[in-house]
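Coordinates from structure.cif are shown below (mmCIF, C-alpha atoms and all ligand atoms).
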data_model
#
loop_
_atom_site.group_PDB
_atom_site.id
_atom_site.type_symbol
_atom_site.label_atom_id
_atom_site.label_comp_id
_atom_site.auth_asym_id
_atom_site.auth_seq_id
_atom_site.Cartn_x
_atom_site.Cartn_y
_atom_site.Cartn_z
ATOM 1 C CA MET A 1 92.858 46.697 48.529
ATOM 2 C CA LYS A 2 89.497 46.395 46.778
ATOM 3 C CA LYS A 3 88.057 44.944 49.987
ATOM 4 C CA ILE A 4 89.336 47.900 52.001
ATOM 5 C CA ALA A 5 87.867 50.354 49.458
ATOM 6 C CA ALA A 6 84.525 48.528 49.604
ATOM 7 C CA ILE A 7 84.520 48.684 53.409
ATOM 8 C CA ILE A 8 85.310 52.419 53.390
ATOM 9 C CA LEU A 9 82.611 53.054 50.764
ATOM 10 C CA SER A 10 80.066 51.074 52.798
ATOM 11 C CA ALA A 11 81.016 53.009 55.899
ATOM 12 C CA ILE A 12 80.528 56.313 54.039
ATOM 13 C CA ILE A 13 77.106 55.189 52.738
ATOM 14 C CA ILE A 14 76.016 54.057 56.213
ATOM 15 C CA LEU A 15 77.162 57.342 57.772
ATOM 16 C CA SER A 16 75.379 59.386 55.056
ATOM 17 C CA LEU A 17 72.174 57.427 55.593
ATOM 18 C CA ALA A 18 72.462 57.987 59.331
ATOM 19 C CA ALA A 19 72.935 61.721 58.753
ATOM 20 C CA CYS A 20 69.878 61.861 56.426
ATOM 21 C CA SER A 21 67.805 60.030 58.921
ATOM 22 C CA SER A 22 68.854 62.469 61.636
ATOM 23 C CA ASP A 23 67.939 65.455 59.345
ATOM 24 C CA GLY A 24 64.587 63.846 58.749
ATOM 25 C CA GLN A 25 63.966 63.671 62.463
ATOM 26 C CA GLN A 26 64.755 67.362 62.775
ATOM 27 C CA GLY A 27 62.296 68.036 59.943
ATOM 28 C CA GLU A 28 59.618 66.169 61.755
ATOM 29 C CA SER A 29 60.329 68.024 64.877
ATOM 30 C CA SER A 30 59.398 71.188 62.959
ATOM 31 C CA PRO A 31 56.820 71.518 65.695
ATOM 32 C CA ALA A 32 59.668 73.704 66.978
ATOM 33 C CA PRO A 33 58.349 76.588 64.826
ATOM 34 C CA SER A 34 54.958 75.498 65.817
ATOM 35 C CA SER A 35 56.045 75.557 69.426
ATOM 36 C CA SER A 36 57.369 79.043 68.781
ATOM 37 C CA SER A 37 54.083 79.756 67.056
ATOM 38 C CA SER A 38 52.410 78.306 70.107
ATOM 39 C CA GLN A 39 54.246 81.085 71.881
ATOM 40 C CA THR A 40 52.600 83.652 69.575
ATOM 41 C CA PRO A 41 50.170 84.324 72.385
ATOM 42 C CA SER A 42 53.116 86.117 73.932
ATOM 43 C CA PRO A 43 52.710 89.265 71.785
ATOM 44 C CA SER A 44 49.013 89.152 72.413
ATOM 45 C CA ALA A 45 49.754 88.585 76.084
ATOM 46 C CA SER A 46 51.836 91.740 75.955
ATOM 47 C CA SER A 47 49.027 93.510 74.156
ATOM 48 C CA ASN A 48 46.752 92.251 76.910
ATOM 49 C CA THR A 49 49.171 93.880 79.293
ATOM 50 C CA ASN A 50 48.849 97.096 77.334
ATOM 51 C CA GLU A 51 45.096 96.853 77.427
ATOM 52 C CA SER A 52 45.077 96.450 81.144
ATOM 53 C CA THR A 53 47.496 99.386 81.473
ATOM 54 C CA VAL A 54 45.169 101.546 79.373
ATOM 55 C CA GLY A 55 42.236 100.305 81.418
ATOM 56 C CA GLU A 56 43.984 101.165 84.663
ATOM 57 C CA THR A 57 44.891 104.644 83.439
ATOM 58 C CA PHE A 58 41.316 105.186 82.349
ATOM 59 C CA GLN A 59 40.023 104.073 85.711
ATOM 60 C CA GLU A 60 42.479 106.348 87.469
ATOM 61 C CA GLU A 61 41.197 109.286 85.409
ATOM 62 C CA GLU A 62 37.640 108.389 86.282
ATOM 63 C CA THR A 63 38.493 108.158 89.958
ATOM 64 C CA ASP A 64 40.374 111.448 89.906
ATOM 65 C CA GLY A 65 37.427 113.411 88.572
ATOM 66 C CA GLY A 66 34.806 110.932 89.707
ATOM 67 C CA ASN A 67 32.887 113.399 91.875
ATOM 68 C CA ILE A 68 32.915 116.193 89.278
ATOM 69 C CA LEU A 69 30.212 116.987 86.760
ATOM 70 C CA ILE A 70 30.754 119.622 84.072
ATOM 71 C CA ALA A 71 27.291 120.739 82.973
ATOM 72 C CA TYR A 72 26.975 123.335 80.239
ATOM 73 C CA PHE A 73 24.502 125.023 77.954
ATOM 74 C CA SER A 74 25.808 126.290 74.640
ATOM 75 C CA VAL A 75 24.322 127.197 71.256
ATOM 76 C CA PRO A 76 26.956 127.226 68.515
ATOM 77 C CA GLU A 77 25.990 129.603 65.761
ATOM 78 C CA THR A 78 26.485 127.441 62.741
ATOM 79 C CA ASP A 79 25.517 129.919 60.041
ATOM 80 C CA GLY A 80 27.736 132.714 58.729
ATOM 81 C CA VAL A 81 28.765 134.509 61.862
ATOM 82 C CA ASP A 82 27.838 138.151 62.265
ATOM 83 C CA THR A 83 31.210 139.827 62.539
ATOM 84 C CA VAL A 84 29.744 142.765 64.448
ATOM 85 C CA ALA A 85 28.087 140.595 67.076
ATOM 86 C CA GLY A 86 31.114 138.309 67.221
ATOM 87 C CA ALA A 87 31.417 134.582 66.865
ATOM 88 C CA SER A 88 29.583 132.110 69.038
ATOM 89 C CA ARG A 89 31.534 129.136 67.931
ATOM 90 C CA VAL A 90 34.972 127.575 67.995
ATOM 91 C CA VAL A 91 36.127 125.196 65.296
ATOM 92 C CA VAL A 92 38.277 122.341 66.605
ATOM 93 C CA ASP A 93 39.512 119.766 64.085
ATOM 94 C CA GLY A 94 36.699 120.742 61.753
ATOM 95 C CA GLU A 95 34.043 120.333 64.456
ATOM 96 C CA VAL A 96 31.946 123.379 65.311
ATOM 97 C CA LEU A 97 31.642 123.869 69.074
ATOM 98 C CA GLY A 98 29.819 126.528 71.051
ATOM 99 C CA ASN A 99 32.035 128.815 73.120
ATOM 100 C CA ASN A 100 30.889 127.393 76.454
ATOM 101 C CA GLN A 101 31.017 123.879 75.075
ATOM 102 C CA TYR A 102 34.682 124.442 74.266
ATOM 103 C CA LEU A 103 35.359 125.835 77.747
ATOM 104 C CA ALA A 104 33.671 122.749 79.207
ATOM 105 C CA TYR A 105 36.063 120.532 77.229
ATOM 106 C CA LEU A 106 39.075 122.514 78.434
ATOM 107 C CA ILE A 107 37.894 122.219 82.043
ATOM 108 C CA GLN A 108 37.430 118.479 81.651
ATOM 109 C CA GLN A 109 40.991 118.180 80.361
ATOM 110 C CA GLU A 110 42.168 119.809 83.584
ATOM 111 C CA VAL A 111 39.992 118.144 86.198
ATOM 112 C CA GLY A 112 38.541 114.985 84.613
ATOM 113 C CA GLY A 113 34.936 114.355 85.576
ATOM 114 C CA ASP A 114 31.884 113.852 83.387
ATOM 115 C CA LEU A 115 30.510 116.232 80.770
ATOM 116 C CA PHE A 116 26.794 116.902 80.664
ATOM 117 C CA ARG A 117 25.196 119.026 77.967
ATOM 118 C CA ILE A 118 21.988 120.783 78.983
ATOM 119 C CA GLU A 119 19.735 120.424 75.957
ATOM 120 C CA THR A 120 16.176 121.487 75.353
ATOM 121 C CA VAL A 121 13.338 119.706 73.594
ATOM 122 C CA GLN A 122 12.883 122.795 71.428
ATOM 123 C CA GLU A 123 16.072 123.308 69.427
ATOM 124 C CA TYR A 124 17.511 126.800 69.312
ATOM 125 C CA PRO A 125 18.097 128.496 65.957
ATOM 126 C CA GLY A 126 21.721 128.405 64.811
ATOM 127 C CA SER A 127 21.361 131.723 63.023
ATOM 128 C CA HIS A 128 22.465 134.719 65.098
ATOM 129 C CA ASP A 129 19.612 137.193 64.544
ATOM 130 C CA THR A 130 16.908 134.531 64.798
ATOM 131 C CA LEU A 131 18.499 133.279 68.007
ATOM 132 C CA LEU A 132 18.519 136.805 69.474
ATOM 133 C CA ASP A 133 14.774 137.211 68.789
ATOM 134 C CA PHE A 134 13.967 133.735 70.055
ATOM 135 C CA ALA A 135 15.869 134.192 73.322
ATOM 136 C CA TYR A 136 14.447 137.681 73.831
ATOM 137 C CA ASP A 137 10.878 136.326 73.553
ATOM 138 C CA GLU A 138 11.652 133.487 75.979
ATOM 139 C CA LYS A 139 12.967 135.948 78.534
ATOM 140 C CA ALA A 140 9.972 138.272 78.066
ATOM 141 C CA GLU A 141 7.664 135.297 78.722
ATOM 142 C CA ASN A 142 9.751 134.119 81.685
ATOM 143 C CA ALA A 143 9.661 130.739 79.934
ATOM 144 C CA ARG A 144 10.907 127.444 81.369
ATOM 145 C CA PRO A 145 11.996 125.510 78.256
ATOM 146 C CA GLU A 146 11.599 121.768 78.721
ATOM 147 C CA LEU A 147 14.903 119.926 79.064
ATOM 148 C CA ALA A 148 15.734 116.979 76.820
ATOM 149 C CA THR A 149 18.682 115.651 78.831
ATOM 150 C CA GLN A 150 18.765 114.490 82.433
ATOM 151 C CA ILE A 151 21.646 113.962 84.849
ATOM 152 C CA GLN A 152 22.057 110.315 85.836
ATOM 153 C CA ASN A 153 23.256 109.577 89.379
ATOM 154 C CA LEU A 154 23.418 113.135 90.678
ATOM 155 C CA ASP A 155 24.365 111.660 94.078
ATOM 156 C CA ASN A 156 27.738 110.674 92.610
ATOM 157 C CA TYR A 157 28.767 114.297 92.175
ATOM 158 C CA ASN A 158 29.654 116.874 94.749
ATOM 159 C CA VAL A 159 31.255 119.492 92.484
ATOM 160 C CA ILE A 160 29.200 120.832 89.585
ATOM 161 C CA PHE A 161 30.928 123.089 87.087
ATOM 162 C CA LEU A 162 28.126 125.028 85.397
ATOM 163 C CA GLY A 163 28.743 126.800 82.083
ATOM 164 C CA PHE A 164 26.373 129.049 80.127
ATOM 165 C CA PRO A 165 26.413 132.085 77.840
ATOM 166 C CA ASN A 166 25.296 135.452 79.140
ATOM 167 C CA TRP A 167 21.982 136.049 77.375
ATOM 168 C CA ASN A 168 20.382 139.464 77.745
ATOM 169 C CA SER A 169 22.410 140.126 80.908
ATOM 170 C CA ASP A 170 20.897 137.033 82.477
ATOM 171 C CA LEU A 171 20.987 133.244 82.531
ATOM 172 C CA PRO A 172 19.545 131.629 79.397
ATOM 173 C CA MET A 173 16.029 130.471 80.331
ATOM 174 C CA PRO A 174 16.940 126.736 80.129
ATOM 175 C CA LEU A 175 19.311 127.414 83.058
ATOM 176 C CA TYR A 176 16.296 128.455 85.131
ATOM 177 C CA THR A 177 14.610 125.160 84.271
ATOM 178 C CA PHE A 178 17.797 123.294 85.125
ATOM 179 C CA LEU A 179 18.385 125.030 88.448
ATOM 180 C CA GLU A 180 14.737 124.640 89.487
ATOM 181 C CA GLU A 181 14.613 120.972 88.450
ATOM 182 C CA TYR A 182 17.618 119.743 90.424
ATOM 183 C CA ASP A 183 18.512 120.099 94.071
ATOM 184 C CA PHE A 184 22.215 120.760 94.534
ATOM 185 C CA SER A 185 22.012 121.073 98.320
ATOM 186 C CA GLY A 186 25.360 120.327 99.936
ATOM 187 C CA LYS A 187 27.163 120.450 96.586
ATOM 188 C CA THR A 188 29.504 123.080 95.198
ATOM 189 C CA ILE A 189 28.578 124.898 92.001
ATOM 190 C CA VAL A 190 31.460 126.420 90.024
ATOM 191 C CA PRO A 191 30.128 128.807 87.354
ATOM 192 C CA PHE A 192 31.862 129.633 84.091
ATOM 193 C CA THR A 193 30.785 131.743 81.162
ATOM 194 C CA ALA A 194 31.888 132.796 77.717
ATOM 195 C CA HIS A 195 30.137 136.104 77.091
ATOM 196 C CA GLY A 196 30.000 139.009 74.660
ATOM 197 C CA GLY A 197 31.384 141.672 77.008
ATOM 198 C CA SER A 198 29.093 141.708 80.057
ATOM 199 C CA GLY A 199 30.843 138.983 82.041
ATOM 200 C CA PHE A 200 28.487 137.220 84.460
ATOM 201 C CA SER A 201 26.139 140.216 84.940
ATOM 202 C CA ARG A 202 24.030 139.099 87.971
ATOM 203 C CA THR A 203 23.972 135.421 87.048
ATOM 204 C CA ILE A 204 26.039 134.198 90.004
ATOM 205 C CA GLN A 205 23.650 135.827 92.475
ATOM 206 C CA THR A 206 20.720 134.299 90.560
ATOM 207 C CA ILE A 207 22.301 130.843 90.879
ATOM 208 C CA GLU A 208 22.714 131.425 94.623
ATOM 209 C CA GLU A 209 19.035 132.390 94.889
ATOM 210 C CA LEU A 210 17.902 129.326 92.953
ATOM 211 C CA GLN A 211 20.174 126.941 94.895
ATOM 212 C CA PRO A 212 20.234 128.398 98.430
ATOM 213 C CA ASN A 213 21.657 125.214 99.982
ATOM 214 C CA ALA A 214 24.575 124.847 97.595
ATOM 215 C CA THR A 215 27.939 126.554 97.871
ATOM 216 C CA VAL A 216 28.354 128.757 94.823
ATOM 217 C CA VAL A 217 31.920 129.730 93.966
ATOM 218 C CA GLU A 218 31.820 133.469 93.309
ATOM 219 C CA ASP A 219 35.175 133.531 91.554
ATOM 220 C CA GLY A 220 33.858 131.838 88.433
ATOM 221 C CA LEU A 221 35.622 131.800 85.092
ATOM 222 C CA SER A 222 34.531 134.621 82.792
ATOM 223 C CA ILE A 223 36.004 134.696 79.279
ATOM 224 C CA SER A 224 35.135 137.038 76.444
ATOM 225 C CA ARG A 225 33.979 135.169 73.352
ATOM 226 C CA ASN A 226 36.824 136.889 71.489
ATOM 227 C CA SER A 227 39.355 135.068 73.679
ATOM 228 C CA VAL A 228 37.726 131.658 73.949
ATOM 229 C CA ALA A 229 39.899 130.035 71.298
ATOM 230 C CA ASP A 230 43.020 130.989 73.317
ATOM 231 C CA ALA A 231 41.521 130.289 76.723
ATOM 232 C CA GLN A 232 43.500 127.169 77.628
ATOM 233 C CA SER A 233 46.072 128.916 79.835
ATOM 234 C CA ASP A 234 43.346 130.996 81.544
ATOM 235 C CA VAL A 235 41.453 127.805 82.310
ATOM 236 C CA THR A 236 44.586 126.139 83.654
ATOM 237 C CA SER A 237 45.485 129.003 86.002
ATOM 238 C CA TRP A 238 41.875 129.453 87.175
ATOM 239 C CA ILE A 239 41.625 125.734 87.996
ATOM 240 C CA SER A 240 44.941 125.799 89.842
ATOM 241 C CA GLU A 241 43.536 128.421 92.232
ATOM 242 C CA LEU A 242 40.230 126.659 92.897
ATOM 243 C CA ASP A 243 40.132 125.176 96.396
ATOM 244 C CA VAL A 244 37.213 122.853 95.686
ATOM 245 C CA ILE A 245 39.162 120.360 93.604
ATOM 246 C CA GLN A 246 42.519 120.400 95.410
HETATM 247 C C1 LIG B 1 20.375 135.638 72.573
HETATM 248 C C2 LIG B 1 21.722 136.178 72.940
HETATM 249 C C3 LIG B 1 21.825 137.196 73.876
HETATM 250 C C4 LIG B 1 23.076 137.665 74.281
HETATM 251 N N1 LIG B 1 23.172 138.621 75.225
HETATM 252 C C5 LIG B 1 24.384 138.984 75.694
HETATM 253 C C6 LIG B 1 24.518 139.921 76.745
HETATM 254 O O1 LIG B 1 23.550 140.474 77.270
HETATM 255 N N2 LIG B 1 25.755 140.224 77.195
HETATM 256 C C7 LIG B 1 26.870 139.646 76.654
HETATM 257 O O2 LIG B 1 27.966 139.910 77.121
HETATM 258 N N3 LIG B 1 26.781 138.740 75.647
HETATM 259 C C8 LIG B 1 25.578 138.403 75.153
HETATM 260 N N4 LIG B 1 25.481 137.480 74.135
HETATM 261 C C9 LIG B 1 26.706 136.892 73.580
HETATM 262 C C10 LIG B 1 26.971 135.499 74.154
HETATM 263 O O3 LIG B 1 27.010 135.551 75.560
HETATM 264 C C11 LIG B 1 28.280 134.964 73.621
HETATM 265 O O4 LIG B 1 28.278 134.980 72.216
HETATM 266 C C12 LIG B 1 28.582 133.569 74.147
HETATM 267 O O5 LIG B 1 29.952 133.321 74.020
HETATM 268 C C13 LIG B 1 27.817 132.474 73.440
HETATM 269 O O6 LIG B 1 28.170 131.232 74.012
HETATM 270 P P1 LIG B 1 27.834 129.820 73.339
HETATM 271 O O7 LIG B 1 28.545 129.781 72.009
HETATM 272 O O8 LIG B 1 28.373 128.824 74.287
HETATM 273 O O9 LIG B 1 26.362 129.737 73.190
HETATM 274 C C14 LIG B 1 24.232 137.087 73.692
HETATM 275 C C15 LIG B 1 24.118 136.109 72.716
HETATM 276 C C16 LIG B 1 22.870 135.657 72.338
HETATM 277 C C17 LIG B 1 22.760 134.588 71.305
#
Write out the structure in this file as structure tokens.
Ligand SMILES: Cc1cc2nc3c(=O)[nH]c(=O)nc-3n(C[C@H](O)[C@H](O)[C@H](O)COP(=O)(O)O)c2cc1C
Amino acid sequence: MKKIAAIILSAIIILSLAACSSDGQQGESSPAPSSSSSQTPSPSASSNTNESTVGETFQEEETDGGNILIAYFSVPETDGVDTVAGASRVVVDGEVLGNNQYLAYLIQQEVGGDLFRIETVQEYPGSHDTLLDFAYDEKAENARPELATQIQNLDNYNVIFLGFPNWNSDLPMPLYTFLEEYDFSGKTIVPFTAHGGSGFSRTIQTIEELQPNATVVEDGLSISRNSVADAQSDVTSWISELDVIQ
């Protein structure tokens, strides 16, 4: 009987040792987690996928508006705004934008394309009354303020949205410099303005005179500065009726 018990006990010990040894082998093959960790590239592969999706979307947007340039001149009045004269600024997420600058952004949201800010070497005063005097003197002198920004690759664009404030019932003088400096022959110019009540005055005709070989859309967008902050739907419906970007 003792012999039988000893044999059974030995068998149990041998089986237990075999089981331990098998566990140990599993432990050593813990490269399994490491093989799953070697699969960790998979999330980053999926994030690569996301990146390429974002990249593709971005490229599509560029292609959609690839032939469109949105050029604008705008002087946000950054000091306390004269409530009689009305505001020449829009505040978006804490950022102060000029009225025409804001319209340019809304247009870009609709049509894509590239934004181009027409800037001058001489900065304009941000204070309303000083700006009025400054601009009045420039007009009286028929000045051509030197531009500080230049369009790269004008050949890439065939539709030029052109935004500016009505200043003294005319184009701001930097717009004369701009329109005399570039040749938009064969291109389409689409004017837009945020103004203080006069609309475009004669500015569209002046653009036609300065760019006789361009097509100038006469049905430009004209928005009172009092309505600029709510102009999104006006921009959307104006764009939807423009033939040039259909
Ligand atoms: C120097 C100056 C002259 C202006 N002259 C006129 C004008 O003759 N007619 C008009 O409707 N608005 C006039 N305005 C108002 C601007 O057209 C209006 O505030 C515009 O929205 C400013 O645009 P911005 O913020 O993009 O510069 C004048 C504003 C300034 C600063």
Name the residues that the PyMOL selection byres (((chain A and resi 212) around 12) and not hetatm) picks from the file above, as a PDB file with C-alpha atoms, in the coordinates of the input, using the file's chain letters and numbers.
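Written output follows (out.pdb):
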ATOM      1  CA  LEU A 179      18.385 125.030  88.448  1.00  0.00           C
ATOM      2  CA  GLU A 180      14.737 124.640  89.487  1.00  0.00           C
ATOM      3  CA  ASP A 183      18.512 120.099  94.071  1.00  0.00           C
ATOM      4  CA  PHE A 184      22.215 120.760  94.534  1.00  0.00           C
ATOM      5  CA  SER A 185      22.012 121.073  98.320  1.00  0.00           C
ATOM      6  CA  GLY A 186      25.360 120.327  99.936  1.00  0.00           C
ATOM      7  CA  LYS A 187      27.163 120.450  96.586  1.00  0.00           C
ATOM      8  CA  THR A 188      29.504 123.080  95.198  1.00  0.00           C
ATOM      9  CA  ILE A 189      28.578 124.898  92.001  1.00  0.00           C
ATOM     10  CA  ILE A 204      26.039 134.198  90.004  1.00  0.00           C
ATOM     11  CA  GLN A 205      23.650 135.827  92.475  1.00  0.00           C
ATOM     12  CA  THR A 206      20.720 134.299  90.560  1.00  0.00           C
ATOM     13  CA  ILE A 207      22.301 130.843  90.879  1.00  0.00           C
ATOM     14  CA  GLU A 208      22.714 131.425  94.623  1.00  0.00           C
ATOM     15  CA  GLU A 209      19.035 132.390  94.889  1.00  0.00           C
ATOM     16  CA  LEU A 210      17.902 129.326  92.953  1.00  0.00           C
ATOM     17  CA  GLN A 211      20.174 126.941  94.895  1.00  0.00           C
ATOM     18  CA  ASN A 213      21.657 125.214  99.982  1.00  0.00           C
ATOM     19  CA  ALA A 214      24.575 124.847  97.595  1.00  0.00           C
ATOM     20  CA  THR A 215      27.939 126.554  97.871  1.00  0.00           C
ATOM     21  CA  VAL A 216      28.354 128.757  94.823  1.00  0.00           C
TER      22      VAL A 216
END
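The closest residue to Glu123 in chain A, picked from A:Gly196, A:Pro76, A:Tyr102, A:Asn158 and counting all atoms listed in the file, is A:Pro76.
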Margin query: What would the selection look like, as a ChimeraX atom specification, if the PyMOL selection byres (((chain A and resi 109) around 12) and not hetatm) were run on the coordinates I just shared?
Written below: /A:61-62,64-65,70,102-108,110-115,232-233,235-236,239
Next item on the list: Name each residue within 8 Å of ligand LIG 1 (chain B), counting all atoms listed in the file, as a VMD selection string.
Entry: chain A and resid 73 to 77 85 to 90 97 to 102 128 to 129 131 to 136 164 to 170 172 193 to 201 224 to 225 228
Could you dump the residues just selected with C-alpha atoms as a short mmCIF file (atom, residue, chain, number, x, y, z; two decimals), in the frame of the given file?
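This is the output file result_8.cif:
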data_model
loop_
_atom_site.label_atom_id
_atom_site.label_comp_id
_atom_site.auth_asym_id
_atom_site.auth_seq_id
_atom_site.Cartn_x
_atom_site.Cartn_y
_atom_site.Cartn_z
CA PHE A 73 24.50 125.02 77.95
CA SER A 74 25.81 126.29 74.64
CA VAL A 75 24.32 127.20 71.26
CA PRO A 76 26.96 127.23 68.52
CA GLU A 77 25.99 129.60 65.76
CA ALA A 85 28.09 140.60 67.08
CA GLY A 86 31.11 138.31 67.22
CA ALA A 87 31.42 134.58 66.86
CA SER A 88 29.58 132.11 69.04
CA ARG A 89 31.53 129.14 67.93
CA VAL A 90 34.97 127.58 68.00
CA LEU A 97 31.64 123.87 69.07
CA GLY A 98 29.82 126.53 71.05
CA ASN A 99 32.03 128.82 73.12
CA ASN A 100 30.89 127.39 76.45
CA GLN A 101 31.02 123.88 75.08
CA TYR A 102 34.68 124.44 74.27
CA HIS A 128 22.46 134.72 65.10
CA ASP A 129 19.61 137.19 64.54
CA LEU A 131 18.50 133.28 68.01
CA LEU A 132 18.52 136.80 69.47
CA ASP A 133 14.77 137.21 68.79
CA PHE A 134 13.97 133.74 70.06
CA ALA A 135 15.87 134.19 73.32
CA TYR A 136 14.45 137.68 73.83
CA PHE A 164 26.37 129.05 80.13
CA PRO A 165 26.41 132.08 77.84
CA ASN A 166 25.30 135.45 79.14
CA TRP A 167 21.98 136.05 77.38
CA ASN A 168 20.38 139.46 77.74
CA SER A 169 22.41 140.13 80.91
CA ASP A 170 20.90 137.03 82.48
CA PRO A 172 19.55 131.63 79.40
CA THR A 193 30.78 131.74 81.16
CA ALA A 194 31.89 132.80 77.72
CA HIS A 195 30.14 136.10 77.09
CA GLY A 196 30.00 139.01 74.66
CA GLY A 197 31.38 141.67 77.01
CA SER A 198 29.09 141.71 80.06
CA GLY A 199 30.84 138.98 82.04
CA PHE A 200 28.49 137.22 84.46
CA SER A 201 26.14 140.22 84.94
CA SER A 224 35.14 137.04 76.44
CA ARG A 225 33.98 135.17 73.35
CA VAL A 228 37.73 131.66 73.95
#
Note to self: Residues proximal to (19.7, 123.5, 72.5) were defined as those with any atom within 9 Å of that point in the file's coordinates, counting all atoms listed in the file. Which are they, as number ranges by chain?
What the structure shows: A: 73-75, 117-125, 147-148, 174
Next item on the list: Enter the distance from CA of Ala71 in chain A to CA of Leu162 in chain A, in Å, rounded to one decimal.
Entry: 5.0 Å
Check: Between CA of Gln152 in chain A and CA of Asn67 in chain A, what is the spacing in Å?
Finding: 12.8 Å
